[in-house]
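These notes concern the structure reproduced below.
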Amino acid sequence: MNFSGPEGIEIAGIRVSDKRLIQIGWILPLVSVVCSMTIHAASGHARDFPFFVSESDYPGLERWFFTIGLALTSPIICLLSHRVNVRFKSERTTVHEVSFFAGLASSVSLFVLALANMYDQLFLHSLASIGLFVGGFIWGVSTHSIYKSNNLSAQKLRQVGLWSSLVGFLVMNLSLLCYVLVLTMLSSFSTDYSTTDTLNQLQPAINLAAPAEYLLIAGLMMTLASIGKDFDQM
């Protein structure tokens, strides 16, 4: 095995370029999430619509797509963090270190999120979600600042992706926070219920927060895809 080649990795004699690795890194989780959400909705398991992506990590076929797809993506993100480090090994800066460790944090958070479903381990799942979204955004911003390519389409795609993920993250969290504060002031919010009942209480806010989460995830996928475009010119 060789993870430090000039243009990619080699495992058991099979070479995978950095561009191909990046493609797998965003296509695999995207397909996994779309499949799990589609199955969740079509099977009648969805409690309402729209719903959070993690709600599709529900007992049944959708959980297999969600868990396996995201768990397999985790080591790929870890490898990509290493590969960015390798490609810039001759010009080490603080930003490079931030990019590397943010990528590792995203990888670990994604693996925990894949295994700790929100129905049984809500607190751990929520922490992993924050680690994934914040770590992924920091990784995207720091990696974006590293590249000095002339690929304008890649730069624009990355900028759109980063802004989309930032707006999605802020809208998702602020809508939930404001709604919980209002319910708390009205003494009509309780955490004594099951996760499903709690989500039902929050559905008016989820109507805005869930699409914002979709935007956040799409933004992170666009950011990762844009890095693959830049790798072509390095």
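Residues are referred to by chain and number: the chain letter is A, B, ... according to the order shown in the structure tokens, the number counts from 1 in that chain, and ligands are numbered separately from 1 in the order shown.
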Can you pull out every residue within 9 Å of Leu224 (chain A), counting only C-alpha atoms, but drop anything in the same chain fewer than 4 positions away, and send it as a tab-separated table (two decimals) with N, CA, C and O atoms, in the first residue's frame?
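So the final result, stored in result03.tsv, reads:
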```tsv
chain	number	residue	atom	x	y	z
A	22	ILE	N	-11.60	11.82	-4.94
A	22	ILE	CA	-12.52	12.91	-4.60
A	22	ILE	C	-13.92	12.63	-5.14
A	22	ILE	O	-14.92	12.89	-4.47
A	23	GLN	N	-13.99	12.10	-6.35
A	23	GLN	CA	-15.29	11.77	-6.92
A	23	GLN	C	-16.03	10.76	-6.05
A	23	GLN	O	-17.23	10.90	-5.79
A	25	GLY	N	-15.50	10.37	-2.92
A	25	GLY	CA	-15.73	11.03	-1.66
A	25	GLY	C	-17.01	11.84	-1.58
A	25	GLY	O	-17.57	12.00	-0.49
A	26	TRP	N	-17.50	12.35	-2.75
A	26	TRP	CA	-18.77	13.08	-2.69
A	26	TRP	C	-19.93	12.31	-3.32
A	26	TRP	O	-21.09	12.48	-2.93
A	140	GLY	N	-13.20	22.99	4.08
A	140	GLY	CA	-13.45	23.60	2.78
A	140	GLY	C	-12.84	24.99	2.66
A	140	GLY	O	-12.20	25.31	1.65
A	158	ARG	N	-16.59	26.29	-5.78
A	158	ARG	CA	-16.21	26.17	-4.37
A	158	ARG	C	-16.81	27.32	-3.54
A	158	ARG	O	-17.27	27.13	-2.42
A	161	GLY	N	-20.42	26.62	-3.10
A	161	GLY	CA	-20.56	25.54	-2.13
A	161	GLY	C	-20.35	26.00	-0.71
A	161	GLY	O	-21.13	25.65	0.19
A	219	GLY	N	-23.91	21.98	-0.35
A	219	GLY	CA	-22.79	22.90	-0.40
A	219	GLY	C	-21.46	22.21	-0.12
A	219	GLY	O	-20.45	22.47	-0.79
A	220	LEU	N	-21.45	21.32	0.87
A	220	LEU	CA	-20.22	20.59	1.18
A	220	LEU	C	-19.83	19.66	0.04
A	220	LEU	O	-18.65	19.49	-0.26
A	228	GLY	N	-11.60	18.54	-6.77
A	228	GLY	CA	-11.20	17.59	-7.81
A	228	GLY	C	-10.85	18.29	-9.11
A	228	GLY	O	-9.94	17.88	-9.83
```
Please list as a ChimeraX atom specification every residue within 12 Å of Phe137 (chain A), counting only C-alpha atoms and excluding residues in the same chain fewer than 4 positions away. /A:98-99,102-103,105-106,130-133,141-144,158-159,161-169,216-224
Find the residues around Val108 (chain A) up to 9 Å (only C-alpha atoms counted), leave out those fewer than 4 positions away in its own chain, and share them as a PyMOL selection string. chain A and resi 74-75+78+103-104+112-113+128+131-132
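The closest residue to Thr195 (chain A), picked from A:Leu215, A:Arg47, A:Ala114, A:Thr67 and counting only C-alpha atoms, is A:Arg47.
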DSSP helix (DSSP H, G or I) selection over region 6-138 of chain A, as number ranges by chain: A: 18-42, 53-56, 61-87, 94-115, 122-138
Neighbour list for Glu10 (chain A) as number ranges by chain, cut-off 6 Å, only C-alpha atoms, skip fewer than 5 positions in-chain: A: 1-2, 15
Counting only C-alpha atoms, the residue of A:Ala154, A:Ile227, A:Val53, A:Ile146 that sits nearest Ile206 (chain A): A:Val53
Find the distance between CA of Tyr119 (chain A) and CA of Thr196 (chain A) and write it in Å to one decimal. 7.6 Å
Go through A:Ser54, A:Ser81, A:Leu181, A:Lys156 one by one, measure the shortest atom-to-atom distance of each to Asn117 (chain A) using only C-alpha atoms, and give the residue with the smallest value.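 For Asn117 (chain A), the nearest of the given residues is A:Ser54.
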Please list as a PyMOL selection string every residue within 10 Å of His82 (chain A), counting only C-alpha atoms and excluding residues in the same chain fewer than 5 positions away. chain A and resi 3-4+76-77+87+99-101+103-104
Can I get the selection written as a CSV table (one decimal), in the first residue's frame, with C-alpha atoms?
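Writing done, so here's selection.csv:
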```
chain,number,residue,atom,x,y,z
A,3,PHE,CA,-0.8,6.5,0.3
A,4,SER,CA,1.8,9.1,-0.5
A,76,ILE,CA,-12.0,8.2,2.1
A,77,ILE,CA,-12.3,11.7,3.7
A,87,ARG,CA,0.3,17.5,-2.6
A,99,SER,CA,-7.0,21.9,6.6
A,100,PHE,CA,-5.4,18.5,7.5
A,101,PHE,CA,-6.8,18.3,11.0
A,103,GLY,CA,-10.5,16.9,7.4
A,104,LEU,CA,-9.6,14.3,10.0
```
So what do you get for CA of Phe65 (chain A) versus CA of Ser129 (chain A), distance-wise? 17.7 Å
Find the residue from A:Val33, A:Ala205, A:Leu28, A:Ile39 that sits nearest to Leu177 (chain A); use only C-alpha atoms when measuring. A:Ala205
Skip Ser188 (chain A) itself and residues of its chain fewer than 5 positions away, then list as a short mmCIF file (atom, residue, chain, number, x, y, z; two decimals) with N, CA, C and O atoms, in the first residue's frame all residues within 12 Å of it, counting only C-alpha atoms.
```
data_model
loop_
_atom_site.label_atom_id
_atom_site.label_comp_id
_atom_site.auth_asym_id
_atom_site.auth_seq_id
_atom_site.Cartn_x
_atom_site.Cartn_y
_atom_site.Cartn_z
N TYR A 179 -37.25 28.64 17.62
CA TYR A 179 -38.52 27.97 17.88
C TYR A 179 -38.54 27.34 19.26
O TYR A 179 -39.54 27.41 19.98
N VAL A 180 -37.41 26.72 19.65
CA VAL A 180 -37.32 26.12 20.99
C VAL A 180 -37.45 27.20 22.06
O VAL A 180 -38.13 27.01 23.08
N LEU A 181 -36.83 28.36 21.84
CA LEU A 181 -36.92 29.45 22.81
C LEU A 181 -38.36 29.94 22.96
O LEU A 181 -38.83 30.20 24.07
N VAL A 182 -39.06 30.05 21.83
CA VAL A 182 -40.46 30.49 21.88
C VAL A 182 -41.31 29.48 22.63
O VAL A 182 -42.12 29.84 23.50
N LEU A 183 -41.13 28.19 22.33
CA LEU A 183 -41.91 27.15 23.02
C LEU A 183 -41.58 27.12 24.51
O LEU A 183 -42.47 26.91 25.35
N THR A 198 -40.41 14.44 20.13
CA THR A 198 -39.72 15.73 20.19
C THR A 198 -39.63 16.35 18.80
O THR A 198 -39.85 17.56 18.63
N GLN A 201 -42.85 17.88 17.83
CA GLN A 201 -43.03 19.19 18.45
C GLN A 201 -42.33 20.29 17.63
O GLN A 201 -42.82 21.41 17.54
N LEU A 202 -41.18 19.92 17.06
CA LEU A 202 -40.35 20.89 16.36
C LEU A 202 -40.65 20.99 14.86
O LEU A 202 -39.98 21.74 14.15
#
```
Expressed in Å, the length from CA of Ser194 (chain A) to CA of Ala71 (chain A) is 25.9 Å
Looking at only C-alpha atoms, which of A:Gly135, A:Gly60, A:Gly69, A:Pro211 is the one that sits closest to Ile27 (chain A)? A:Gly69
